[in-house]
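Visitor: Sharing start-v6.txt (compact mmCIF, N, CA and C atoms and all ligand atoms) below.
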# COMPACT_ATOMS: atom_id res chain seq x y z
N MET V 162 23.34 -40.72 -2.67
CA MET V 162 22.94 -40.25 -1.33
C MET V 162 22.11 -41.33 -0.65
N GLY V 163 22.41 -41.64 0.59
CA GLY V 163 21.68 -42.67 1.32
C GLY V 163 20.31 -42.16 1.75
N ASP V 164 19.64 -42.98 2.53
CA ASP V 164 18.28 -42.59 2.90
C ASP V 164 18.13 -42.49 4.42
N THR V 165 19.16 -42.03 5.10
CA THR V 165 19.00 -41.75 6.52
C THR V 165 18.18 -40.48 6.68
N ILE V 166 17.72 -40.29 7.90
CA ILE V 166 16.94 -39.09 8.19
C ILE V 166 17.78 -37.83 7.91
N PHE V 167 19.10 -37.93 8.07
CA PHE V 167 19.94 -36.75 7.86
C PHE V 167 20.09 -36.45 6.37
N SER V 168 20.13 -37.48 5.52
CA SER V 168 20.19 -37.15 4.08
C SER V 168 18.88 -36.53 3.63
N LYS V 169 17.78 -36.90 4.28
CA LYS V 169 16.50 -36.25 3.95
C LYS V 169 16.51 -34.78 4.40
N ILE V 170 17.16 -34.50 5.52
CA ILE V 170 17.29 -33.10 5.97
C ILE V 170 18.16 -32.32 4.98
N ILE V 171 19.25 -32.93 4.53
CA ILE V 171 20.13 -32.26 3.55
C ILE V 171 19.34 -31.92 2.29
N LYS V 172 18.49 -32.85 1.85
CA LYS V 172 17.71 -32.64 0.62
C LYS V 172 16.44 -31.83 0.84
N ARG V 173 16.26 -31.37 2.11
CA ARG V 173 15.07 -30.57 2.47
C ARG V 173 13.78 -31.36 2.28
N GLU V 174 13.87 -32.68 2.41
CA GLU V 174 12.66 -33.49 2.31
C GLU V 174 11.92 -33.54 3.64
N ILE V 175 12.66 -33.32 4.74
CA ILE V 175 12.00 -33.13 6.03
C ILE V 175 12.59 -31.88 6.67
N PRO V 176 11.81 -31.21 7.51
CA PRO V 176 12.28 -29.94 8.08
C PRO V 176 13.28 -30.15 9.21
N ALA V 177 14.10 -29.14 9.41
CA ALA V 177 15.03 -29.11 10.54
C ALA V 177 15.34 -27.65 10.83
N ASP V 178 15.74 -27.40 12.06
CA ASP V 178 16.12 -26.04 12.45
C ASP V 178 17.60 -25.85 12.10
N ILE V 179 17.83 -25.45 10.86
CA ILE V 179 19.19 -25.34 10.34
C ILE V 179 19.83 -24.05 10.85
N VAL V 180 21.03 -24.18 11.41
CA VAL V 180 21.69 -23.02 12.01
C VAL V 180 22.99 -22.65 11.28
N TYR V 181 23.43 -23.48 10.35
CA TYR V 181 24.69 -23.21 9.66
C TYR V 181 24.73 -24.07 8.40
N GLU V 182 25.23 -23.48 7.32
CA GLU V 182 25.37 -24.28 6.09
C GLU V 182 26.49 -23.73 5.24
N THR V 183 27.30 -24.64 4.71
CA THR V 183 28.29 -24.29 3.70
C THR V 183 28.13 -25.29 2.55
N GLU V 184 29.03 -25.21 1.59
CA GLU V 184 28.97 -26.14 0.46
C GLU V 184 29.04 -27.60 0.93
N ASN V 185 29.82 -27.82 1.98
CA ASN V 185 30.12 -29.21 2.38
C ASN V 185 29.52 -29.64 3.71
N VAL V 186 29.03 -28.69 4.48
CA VAL V 186 28.64 -28.96 5.88
C VAL V 186 27.25 -28.39 6.15
N LEU V 187 26.49 -29.11 6.97
CA LEU V 187 25.18 -28.61 7.43
C LEU V 187 25.11 -28.80 8.95
N ALA V 188 24.49 -27.87 9.64
CA ALA V 188 24.31 -28.00 11.09
C ALA V 188 22.88 -27.60 11.45
N PHE V 189 22.29 -28.37 12.34
CA PHE V 189 20.90 -28.12 12.74
C PHE V 189 20.72 -28.57 14.18
N ARG V 190 19.67 -28.04 14.81
CA ARG V 190 19.42 -28.38 16.21
C ARG V 190 18.95 -29.83 16.33
N ASP V 191 19.47 -30.51 17.36
CA ASP V 191 19.04 -31.88 17.64
C ASP V 191 17.58 -31.87 18.07
N ILE V 192 16.82 -32.83 17.57
CA ILE V 192 15.38 -32.88 17.86
C ILE V 192 15.12 -33.28 19.31
N LYS V 193 16.11 -33.90 19.95
CA LYS V 193 15.97 -34.35 21.34
C LYS V 193 17.14 -33.80 22.15
N PRO V 194 17.12 -32.49 22.40
CA PRO V 194 18.33 -31.85 22.97
C PRO V 194 18.67 -32.37 24.36
N GLN V 195 19.95 -32.58 24.58
CA GLN V 195 20.48 -33.05 25.86
C GLN V 195 21.18 -31.93 26.64
N ALA V 196 21.11 -30.74 26.12
CA ALA V 196 21.74 -29.57 26.76
C ALA V 196 21.07 -28.34 26.16
N PRO V 197 21.21 -27.18 26.82
CA PRO V 197 20.60 -25.96 26.27
C PRO V 197 21.01 -25.68 24.82
N VAL V 198 22.26 -25.96 24.50
CA VAL V 198 22.71 -25.92 23.10
C VAL V 198 23.06 -27.35 22.69
N HIS V 199 22.36 -27.87 21.70
CA HIS V 199 22.66 -29.22 21.18
C HIS V 199 22.45 -29.18 19.68
N ILE V 200 23.56 -29.11 18.98
CA ILE V 200 23.55 -28.96 17.53
C ILE V 200 24.27 -30.14 16.91
N LEU V 201 23.74 -30.63 15.80
CA LEU V 201 24.38 -31.70 15.05
C LEU V 201 25.06 -31.09 13.83
N ILE V 202 26.33 -31.43 13.65
CA ILE V 202 27.12 -30.90 12.54
C ILE V 202 27.49 -32.08 11.65
N ILE V 203 27.08 -31.99 10.40
CA ILE V 203 27.24 -33.16 9.52
C ILE V 203 27.88 -32.78 8.19
N PRO V 204 28.62 -33.73 7.60
CA PRO V 204 29.08 -33.52 6.23
C PRO V 204 27.91 -33.78 5.29
N LYS V 205 27.89 -33.09 4.15
CA LYS V 205 26.81 -33.35 3.19
C LYS V 205 27.02 -34.67 2.45
N ILE V 206 28.27 -35.08 2.29
CA ILE V 206 28.49 -36.39 1.67
C ILE V 206 28.18 -37.47 2.70
N GLU V 207 27.86 -38.63 2.19
CA GLU V 207 27.46 -39.72 3.06
C GLU V 207 28.69 -40.49 3.55
N ILE V 208 28.97 -40.32 4.83
CA ILE V 208 29.96 -41.15 5.52
C ILE V 208 29.18 -41.75 6.68
N PRO V 209 28.95 -43.06 6.71
CA PRO V 209 28.05 -43.61 7.73
C PRO V 209 28.54 -43.42 9.16
N LYS V 210 29.83 -43.67 9.39
CA LYS V 210 30.29 -43.60 10.78
C LYS V 210 31.79 -43.36 10.84
N VAL V 211 32.28 -43.17 12.05
CA VAL V 211 33.69 -42.79 12.25
C VAL V 211 34.62 -43.79 11.58
N THR V 212 34.29 -45.09 11.65
CA THR V 212 35.19 -46.10 11.08
C THR V 212 35.21 -46.06 9.55
N ASP V 213 34.36 -45.26 8.94
CA ASP V 213 34.40 -45.07 7.48
C ASP V 213 35.22 -43.85 7.08
N ILE V 214 35.76 -43.14 8.06
CA ILE V 214 36.59 -41.97 7.75
C ILE V 214 37.95 -42.43 7.25
N ASP V 215 38.38 -41.81 6.16
CA ASP V 215 39.75 -41.99 5.65
C ASP V 215 40.48 -40.68 5.93
N GLY V 216 41.44 -40.74 6.82
CA GLY V 216 42.11 -39.52 7.28
C GLY V 216 42.61 -38.64 6.15
N LYS V 217 43.22 -39.27 5.13
CA LYS V 217 43.77 -38.47 4.01
C LYS V 217 42.66 -37.92 3.14
N GLN V 218 41.72 -38.78 2.78
CA GLN V 218 40.64 -38.37 1.86
C GLN V 218 39.73 -37.32 2.49
N HIS V 219 39.50 -37.44 3.78
CA HIS V 219 38.49 -36.60 4.43
C HIS V 219 39.08 -35.49 5.31
N ALA V 220 40.39 -35.30 5.24
CA ALA V 220 41.05 -34.36 6.16
C ALA V 220 40.43 -32.96 6.10
N GLN V 221 40.25 -32.45 4.89
CA GLN V 221 39.72 -31.08 4.78
C GLN V 221 38.29 -31.01 5.31
N LEU V 222 37.50 -32.01 4.97
CA LEU V 222 36.11 -32.04 5.42
C LEU V 222 36.03 -32.08 6.95
N LEU V 223 36.88 -32.89 7.56
CA LEU V 223 36.89 -32.95 9.03
C LEU V 223 37.28 -31.61 9.62
N GLY V 224 38.23 -30.94 8.98
CA GLY V 224 38.60 -29.60 9.43
C GLY V 224 37.41 -28.66 9.35
N GLU V 225 36.61 -28.80 8.29
CA GLU V 225 35.43 -27.94 8.14
C GLU V 225 34.40 -28.22 9.23
N LEU V 226 34.27 -29.48 9.65
CA LEU V 226 33.33 -29.80 10.74
C LEU V 226 33.78 -29.10 12.03
N PHE V 227 35.09 -29.12 12.30
CA PHE V 227 35.58 -28.46 13.51
C PHE V 227 35.50 -26.94 13.39
N ASP V 228 35.75 -26.41 12.21
CA ASP V 228 35.57 -24.96 12.02
C ASP V 228 34.11 -24.57 12.30
N ALA V 229 33.18 -25.40 11.81
CA ALA V 229 31.76 -25.13 12.05
C ALA V 229 31.46 -25.17 13.55
N ALA V 230 32.01 -26.17 14.25
CA ALA V 230 31.78 -26.28 15.70
C ALA V 230 32.28 -25.03 16.42
N ASN V 231 33.45 -24.57 16.06
CA ASN V 231 34.00 -23.38 16.73
C ASN V 231 33.18 -22.13 16.41
N LYS V 232 32.76 -22.01 15.16
CA LYS V 232 31.92 -20.84 14.81
C LYS V 232 30.60 -20.89 15.56
N LEU V 233 29.96 -22.05 15.59
CA LEU V 233 28.68 -22.18 16.28
C LEU V 233 28.84 -21.97 17.78
N ALA V 234 29.94 -22.46 18.35
CA ALA V 234 30.19 -22.23 19.78
C ALA V 234 30.28 -20.73 20.07
N ARG V 235 30.92 -20.01 19.17
CA ARG V 235 30.98 -18.54 19.34
C ARG V 235 29.59 -17.94 19.16
N ASP V 236 28.90 -18.33 18.10
CA ASP V 236 27.57 -17.76 17.80
C ASP V 236 26.59 -18.00 18.94
N PHE V 237 26.66 -19.19 19.55
CA PHE V 237 25.72 -19.53 20.63
C PHE V 237 26.30 -19.22 22.01
N LYS V 238 27.45 -18.53 22.00
CA LYS V 238 28.06 -18.00 23.23
C LYS V 238 28.35 -19.08 24.27
N ILE V 239 28.87 -20.21 23.79
CA ILE V 239 29.31 -21.26 24.72
C ILE V 239 30.82 -21.49 24.62
N ASP V 240 31.48 -20.65 23.82
CA ASP V 240 32.92 -20.86 23.60
C ASP V 240 33.74 -20.51 24.84
N GLN V 241 33.29 -19.55 25.62
CA GLN V 241 34.08 -19.14 26.79
C GLN V 241 33.95 -20.15 27.93
N ASP V 242 32.73 -20.57 28.22
CA ASP V 242 32.51 -21.51 29.33
C ASP V 242 32.91 -22.94 28.96
N GLY V 243 32.92 -23.25 27.69
CA GLY V 243 33.31 -24.58 27.24
C GLY V 243 32.11 -25.39 26.77
N PHE V 244 32.43 -26.50 26.12
CA PHE V 244 31.38 -27.32 25.48
C PHE V 244 31.95 -28.70 25.26
N ARG V 245 31.10 -29.58 24.76
CA ARG V 245 31.54 -30.95 24.46
C ARG V 245 31.22 -31.29 23.02
N LEU V 246 32.18 -31.94 22.36
CA LEU V 246 31.97 -32.48 21.01
C LEU V 246 31.98 -33.99 21.09
N VAL V 247 30.99 -34.64 20.47
CA VAL V 247 30.85 -36.10 20.58
C VAL V 247 30.58 -36.68 19.20
N PHE V 248 31.31 -37.76 18.89
CA PHE V 248 30.95 -38.63 17.76
C PHE V 248 30.60 -39.99 18.35
N ASN V 249 29.36 -40.41 18.29
CA ASN V 249 29.01 -41.77 18.67
C ASN V 249 29.29 -42.68 17.49
N CYS V 250 29.87 -43.87 17.76
CA CYS V 250 30.20 -44.79 16.67
C CYS V 250 29.69 -46.19 16.98
N GLY V 251 28.78 -46.65 16.13
CA GLY V 251 28.32 -48.03 16.23
C GLY V 251 27.44 -48.29 17.44
N ASN V 252 27.13 -49.55 17.62
CA ASN V 252 26.17 -49.96 18.64
C ASN V 252 26.61 -49.57 20.04
N ASN V 253 27.81 -49.98 20.44
CA ASN V 253 28.25 -49.66 21.80
C ASN V 253 28.50 -48.17 21.99
N GLY V 254 28.76 -47.48 20.90
CA GLY V 254 28.94 -46.03 20.99
C GLY V 254 27.62 -45.28 21.12
N GLY V 255 26.52 -46.00 20.92
CA GLY V 255 25.21 -45.35 21.05
C GLY V 255 24.77 -44.61 19.80
N GLN V 256 25.32 -45.02 18.63
CA GLN V 256 24.95 -44.33 17.39
C GLN V 256 23.59 -44.83 16.89
N ASP V 257 22.70 -43.89 16.62
CA ASP V 257 21.36 -44.22 16.12
C ASP V 257 21.21 -43.90 14.64
N VAL V 258 21.84 -42.83 14.20
CA VAL V 258 21.71 -42.40 12.81
C VAL V 258 23.05 -42.62 12.10
N TYR V 259 23.02 -43.43 11.04
CA TYR V 259 24.26 -43.81 10.37
C TYR V 259 24.61 -42.86 9.22
N HIS V 260 24.73 -41.61 9.61
CA HIS V 260 25.29 -40.55 8.77
C HIS V 260 26.18 -39.77 9.73
N LEU V 261 27.47 -39.74 9.47
CA LEU V 261 28.43 -39.15 10.41
C LEU V 261 27.93 -37.81 10.95
N HIS V 262 28.00 -37.65 12.26
CA HIS V 262 27.57 -36.37 12.84
C HIS V 262 28.34 -36.10 14.12
N MET V 263 28.65 -34.84 14.29
CA MET V 263 29.30 -34.36 15.51
C MET V 263 28.23 -33.67 16.35
N HIS V 264 28.11 -34.10 17.61
CA HIS V 264 27.21 -33.41 18.54
C HIS V 264 27.99 -32.25 19.16
N LEU V 265 27.43 -31.06 19.12
CA LEU V 265 27.97 -29.90 19.85
C LEU V 265 27.01 -29.63 21.01
N LEU V 266 27.51 -29.84 22.22
CA LEU V 266 26.69 -29.72 23.43
C LEU V 266 27.26 -28.66 24.34
N GLY V 267 26.40 -27.77 24.83
CA GLY V 267 26.89 -26.74 25.73
C GLY V 267 25.76 -26.03 26.44
N GLY V 268 26.14 -25.10 27.28
CA GLY V 268 25.16 -24.33 28.03
C GLY V 268 24.88 -24.88 29.41
N ARG V 269 25.58 -25.95 29.77
CA ARG V 269 25.49 -26.48 31.13
C ARG V 269 26.79 -27.22 31.43
N GLN V 270 27.00 -27.55 32.72
CA GLN V 270 28.18 -28.32 33.10
C GLN V 270 28.01 -29.77 32.63
N MET V 271 28.97 -30.27 31.89
CA MET V 271 28.94 -31.67 31.46
C MET V 271 29.52 -32.56 32.56
N LYS V 272 29.09 -33.81 32.56
CA LYS V 272 29.59 -34.76 33.55
C LYS V 272 30.54 -35.77 32.89
N TRP V 273 31.37 -36.37 33.72
CA TRP V 273 32.24 -37.43 33.26
C TRP V 273 32.34 -38.47 34.36
N PRO V 274 32.27 -39.77 34.14
CA PRO V 274 32.16 -40.41 32.82
C PRO V 274 30.78 -40.26 32.22
N PRO V 275 30.72 -40.34 30.86
CA PRO V 275 29.44 -40.24 30.17
C PRO V 275 28.63 -41.51 30.43
N GLY V 276 27.35 -41.45 30.22
CA GLY V 276 26.48 -42.60 30.45
C GLY V 276 26.66 -43.68 29.39
P1 LIG O 301 23.39 -40.58 17.61
O1 LIG O 301 22.79 -41.34 18.74
O2 LIG O 301 24.82 -40.12 17.88
O3 LIG O 301 23.24 -41.31 16.29
O4 LIG O 301 22.55 -39.23 17.52
C1 LIG O 301 21.50 -39.04 16.65
C2 LIG O 301 20.83 -37.76 17.07
O5 LIG O 301 19.98 -37.35 16.04
C3 LIG O 301 19.97 -37.87 18.32
O6 LIG O 301 20.50 -37.02 19.35
C4 LIG O 301 18.59 -37.40 17.91
C5 LIG O 301 18.86 -36.73 16.58
N1 LIG O 301 17.79 -36.90 15.60
C6 LIG O 301 17.23 -38.05 15.21
N2 LIG O 301 16.30 -37.83 14.28
C7 LIG O 301 16.28 -36.48 14.07
C8 LIG O 301 15.52 -35.64 13.22
O7 LIG O 301 14.68 -36.06 12.43
N3 LIG O 301 15.79 -34.31 13.29
C9 LIG O 301 16.73 -33.80 14.14
N4 LIG O 301 16.91 -32.48 14.13
N5 LIG O 301 17.48 -34.56 14.95
C10 LIG O 301 17.24 -35.90 14.92
Kindly present the structure from the file in structure tokens form.
Guide:
Amino acid sequence: MGDTIFSKIIKREIPADIVYETENVLAFRDIKPQAPVHILIIPKIEIPKVTDIDGKQHAQLLGELFDAANKLARDFKIDQDGFRLVFNCGNNGGQDVYHLHMHLLGGRQMKWPPG
């Protein structure tokens, strides 16, 4: 297990507002929310970033991340109005934490293009 802030959250070494957990997936509120609903959905195994994903090896896990996003969207009542899912990758993608994470953003109108 790496030593990113997210692996510390997985190991309960630092607190987080956890809203969903399964054997393979953890979701918690973003500490710096950019929307009324801003949840980070992460795999428990360490995958640093999108370019480290192996489609065949990680297919089921990726499906579980999307299942979590849909469940949370329903639970937080943003599924009807819509929401945004974001994976930032690398420097130009604006990634700060190198543990793969999906941002689930909702509760307001999103803009395009993104900043
Ligand atoms: P990204 O830029 O895609 O790597 O997003 C990282 C997100 O992680 C950012 O929106 C802020 C959030 N974050 C950073 N540190 C913590 C933390 O300690 N706890 C929580 N809950 N979120 C954090």
Visitor: Enter the distance from CA of Asp213 (chain V) to CA of Leu266 (chain V), in Å, rounded to one decimal.
Guide: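 For CA of Asp213 (chain V) relative to CA of Leu266 (chain V), the distance reads 23.4 Å.
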Visitor: Which residue out of V:Pro197, V:Ile175, V:Asn253, V:Leu261 has the minimum interatomic distance to His219 (chain V) when only C-alpha atoms are used?
Guide: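 Answer, going by the shortest atom-to-atom distance: V:Leu261.
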Visitor: What residues of the protein or nucleic acid chains come within 8 Å of ligand LIG 301 (chain O) when you use all atoms listed in the file? Reply as a ChimeraX atom specification.
Guide: /V:166-167,170,175-179,189-195,201,247-251,254-264
Visitor: What is the CA of Gly216 (chain V) to CA of Ile200 (chain V) distance in Å?
Guide: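 CA of Ile200 (chain V) lies 23.7 Å from CA of Gly216 (chain V).
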Visitor: If DSSP is run on the backbone, what residues of region 207-267 of chain V are alpha helix (DSSP H)? A reply as JSON, numbers by chain would be ideal.
Guide: {"V": [216, 217, 218, 219, 220, 221, 222, 223, 224, 225, 226, 227, 228, 229, 230, 231, 232, 233, 234, 235, 236, 251, 252, 253, 254]}
Visitor: How many Å lie between atom N of Pro274 (chain V) and CA of Asp240 (chain V), rounded to one decimal?
Guide: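 According to the coordinates, atom N of Pro274 (chain V) and CA of Asp240 (chain V) are separated by 21.7 Å.
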Visitor: Quick check for you: according to DSSP on this backbone, which residues of chain V are classed as strand (DSSP E or B)? Reply as a list in words.
Guide: Ile179, Val180, Tyr181, Glu182, Val186, Leu187, Ala188, Phe189, Arg190, Val198, His199, Ile200, Leu201, Ile202, Ile203, Pro204, Phe244, Arg245, Leu246, Val247, Met263, His264, Leu265, Leu266 and Gly267 of chain V
Visitor: Ranking V:Lys210, V:His199, V:Lys205, V:Lys217 by minimum distance to Phe244 (chain V) and counting only C-alpha atoms, which one comes first?
Guide: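 Comparing V:Lys210, V:His199, V:Lys205, V:Lys217 against Phe244 (chain V), the winner is V:His199.
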Visitor: So which residues touch region 221-227 of chain V within 7 Å, counting only C-alpha atoms, skipping near sequence neighbours fewer than 3 positions away, as a PyMOL selection string?
Guide: chain V and resi 186+202+230-231
Visitor: Please fill the gaps in region 230-241 of chain V so it has all heavy atoms, and write that as a PDB file, in the frame of the given file.
Guide:
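result_34.pdb was written with the following content:
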ATOM      1  N   ALA V 230      32.010 -26.170  14.250  1.00  0.00           N
ATOM      2  CA  ALA V 230      31.780 -26.280  15.700  1.00  0.00           C
ATOM      3  C   ALA V 230      32.280 -25.030  16.420  1.00  0.00           C
ATOM      4  O   ALA V 230      31.587 -24.475  17.292  1.00  0.00           O
ATOM      5  CB  ALA V 230      32.464 -27.527  16.245  1.00  0.00           C
ATOM      6  N   ASN V 231      33.450 -24.570  16.060  1.00  0.00           N
ATOM      7  CA  ASN V 231      34.000 -23.380  16.730  1.00  0.00           C
ATOM      8  C   ASN V 231      33.180 -22.130  16.410  1.00  0.00           C
ATOM      9  O   ASN V 231      32.930 -21.302  17.285  1.00  0.00           O
ATOM     10  CB  ASN V 231      35.456 -23.174  16.331  1.00  0.00           C
ATOM     11  CG  ASN V 231      36.381 -24.046  17.148  1.00  0.00           C
ATOM     12  OD1 ASN V 231      36.122 -24.304  18.326  1.00  0.00           O
ATOM     13  ND2 ASN V 231      37.460 -24.510  16.532  1.00  0.00           N
ATOM     14  N   LYS V 232      32.760 -22.010  15.160  1.00  0.00           N
ATOM     15  CA  LYS V 232      31.920 -20.840  14.810  1.00  0.00           C
ATOM     16  C   LYS V 232      30.600 -20.890  15.560  1.00  0.00           C
ATOM     17  O   LYS V 232      30.147 -19.876  16.113  1.00  0.00           O
ATOM     18  CB  LYS V 232      31.673 -20.792  13.286  1.00  0.00           C
ATOM     19  CG  LYS V 232      30.766 -19.622  12.905  1.00  0.00           C
ATOM     20  CD  LYS V 232      30.431 -19.609  11.446  1.00  0.00           C
ATOM     21  CE  LYS V 232      29.297 -18.646  11.095  1.00  0.00           C
ATOM     22  NZ  LYS V 232      29.085 -17.528  11.981  1.00  0.00           N
ATOM     23  N   LEU V 233      29.960 -22.050  15.590  1.00  0.00           N
ATOM     24  CA  LEU V 233      28.680 -22.180  16.280  1.00  0.00           C
ATOM     25  C   LEU V 233      28.840 -21.970  17.780  1.00  0.00           C
ATOM     26  O   LEU V 233      27.985 -21.349  18.425  1.00  0.00           O
ATOM     27  CB  LEU V 233      28.056 -23.551  15.982  1.00  0.00           C
ATOM     28  CG  LEU V 233      27.505 -23.672  14.552  1.00  0.00           C
ATOM     29  CD1 LEU V 233      27.326 -25.130  14.153  1.00  0.00           C
ATOM     30  CD2 LEU V 233      26.193 -22.914  14.420  1.00  0.00           C
ATOM     31  N   ALA V 234      29.940 -22.460  18.350  1.00  0.00           N
ATOM     32  CA  ALA V 234      30.190 -22.230  19.780  1.00  0.00           C
ATOM     33  C   ALA V 234      30.280 -20.730  20.070  1.00  0.00           C
ATOM     34  O   ALA V 234      29.745 -20.249  21.075  1.00  0.00           O
ATOM     35  CB  ALA V 234      31.460 -22.949  20.216  1.00  0.00           C
ATOM     36  N   ARG V 235      30.920 -20.010  19.170  1.00  0.00           N
ATOM     37  CA  ARG V 235      30.980 -18.540  19.340  1.00  0.00           C
ATOM     38  C   ARG V 235      29.590 -17.940  19.160  1.00  0.00           C
ATOM     39  O   ARG V 235      29.144 -17.129  19.976  1.00  0.00           O
ATOM     40  CB  ARG V 235      31.955 -17.918  18.330  1.00  0.00           C
ATOM     41  CG  ARG V 235      33.421 -18.185  18.628  1.00  0.00           C
ATOM     42  CD  ARG V 235      34.331 -17.303  17.773  1.00  0.00           C
ATOM     43  NE  ARG V 235      34.185 -17.538  16.338  1.00  0.00           N
ATOM     44  CZ  ARG V 235      34.840 -18.475  15.656  1.00  0.00           C
ATOM     45  NH1 ARG V 235      35.681 -19.296  16.273  1.00  0.00           N
ATOM     46  NH2 ARG V 235      34.660 -18.618  14.351  1.00  0.00           N
ATOM     47  N   ASP V 236      28.900 -18.330  18.100  1.00  0.00           N
ATOM     48  CA  ASP V 236      27.570 -17.760  17.800  1.00  0.00           C
ATOM     49  C   ASP V 236      26.590 -18.000  18.940  1.00  0.00           C
ATOM     50  O   ASP V 236      25.749 -17.147  19.239  1.00  0.00           O
ATOM     51  CB  ASP V 236      26.992 -18.355  16.513  1.00  0.00           C
ATOM     52  CG  ASP V 236      27.724 -17.897  15.263  1.00  0.00           C
ATOM     53  OD1 ASP V 236      28.565 -16.984  15.366  1.00  0.00           O
ATOM     54  OD2 ASP V 236      27.449 -18.462  14.177  1.00  0.00           O
ATOM     55  N   PHE V 237      26.660 -19.190  19.550  1.00  0.00           N
ATOM     56  CA  PHE V 237      25.720 -19.530  20.630  1.00  0.00           C
ATOM     57  C   PHE V 237      26.300 -19.220  22.010  1.00  0.00           C
ATOM     58  O   PHE V 237      25.733 -19.612  23.022  1.00  0.00           O
ATOM     59  CB  PHE V 237      25.305 -21.008  20.505  1.00  0.00           C
ATOM     60  CG  PHE V 237      24.301 -21.242  19.414  1.00  0.00           C
ATOM     61  CD1 PHE V 237      24.710 -21.378  18.094  1.00  0.00           C
ATOM     62  CD2 PHE V 237      22.942 -21.279  19.687  1.00  0.00           C
ATOM     63  CE1 PHE V 237      23.791 -21.572  17.065  1.00  0.00           C
ATOM     64  CE2 PHE V 237      22.007 -21.480  18.673  1.00  0.00           C
ATOM     65  CZ  PHE V 237      22.431 -21.616  17.358  1.00  0.00           C
ATOM     66  N   LYS V 238      27.450 -18.530  22.000  1.00  0.00           N
ATOM     67  CA  LYS V 238      28.060 -18.000  23.230  1.00  0.00           C
ATOM     68  C   LYS V 238      28.350 -19.080  24.270  1.00  0.00           C
ATOM     69  O   LYS V 238      28.105 -18.895  25.469  1.00  0.00           O
ATOM     70  CB  LYS V 238      27.175 -16.883  23.821  1.00  0.00           C
ATOM     71  CG  LYS V 238      26.923 -15.758  22.816  1.00  0.00           C
ATOM     72  CD  LYS V 238      26.393 -14.520  23.463  1.00  0.00           C
ATOM     73  CE  LYS V 238      26.018 -13.439  22.451  1.00  0.00           C
ATOM     74  NZ  LYS V 238      26.912 -13.255  21.322  1.00  0.00           N
ATOM     75  N   ILE V 239      28.870 -20.210  23.790  1.00  0.00           N
ATOM     76  CA  ILE V 239      29.310 -21.260  24.720  1.00  0.00           C
ATOM     77  C   ILE V 239      30.820 -21.490  24.620  1.00  0.00           C
ATOM     78  O   ILE V 239      31.348 -22.392  25.243  1.00  0.00           O
ATOM     79  CB  ILE V 239      28.555 -22.593  24.485  1.00  0.00           C
ATOM     80  CG1 ILE V 239      28.716 -23.073  23.039  1.00  0.00           C
ATOM     81  CG2 ILE V 239      27.070 -22.440  24.850  1.00  0.00           C
ATOM     82  CD1 ILE V 239      28.160 -24.474  22.792  1.00  0.00           C
ATOM     83  N   ASP V 240      31.480 -20.650  23.820  1.00  0.00           N
ATOM     84  CA  ASP V 240      32.920 -20.860  23.600  1.00  0.00           C
ATOM     85  C   ASP V 240      33.740 -20.510  24.840  1.00  0.00           C
ATOM     86  O   ASP V 240      34.756 -21.155  25.106  1.00  0.00           O
ATOM     87  CB  ASP V 240      33.412 -20.058  22.388  1.00  0.00           C
ATOM     88  CG  ASP V 240      33.130 -18.573  22.499  1.00  0.00           C
ATOM     89  OD1 ASP V 240      32.018 -18.212  22.931  1.00  0.00           O
ATOM     90  OD2 ASP V 240      34.011 -17.770  22.143  1.00  0.00           O
ATOM     91  N   GLN V 241      33.290 -19.550  25.620  1.00  0.00           N
ATOM     92  CA  GLN V 241      34.080 -19.140  26.790  1.00  0.00           C
ATOM     93  C   GLN V 241      33.950 -20.150  27.930  1.00  0.00           C
ATOM     94  O   GLN V 241      34.946 -20.529  28.550  1.00  0.00           O
ATOM     95  CB  GLN V 241      33.644 -17.742  27.259  1.00  0.00           C
ATOM     96  CG  GLN V 241      33.919 -16.644  26.241  1.00  0.00           C
ATOM     97  CD  GLN V 241      35.414 -16.481  25.956  1.00  0.00           C
ATOM     98  OE1 GLN V 241      36.226 -16.489  26.867  1.00  0.00           O
ATOM     99  NE2 GLN V 241      35.771 -16.344  24.692  1.00  0.00           N
TER     100      GLN V 241
END
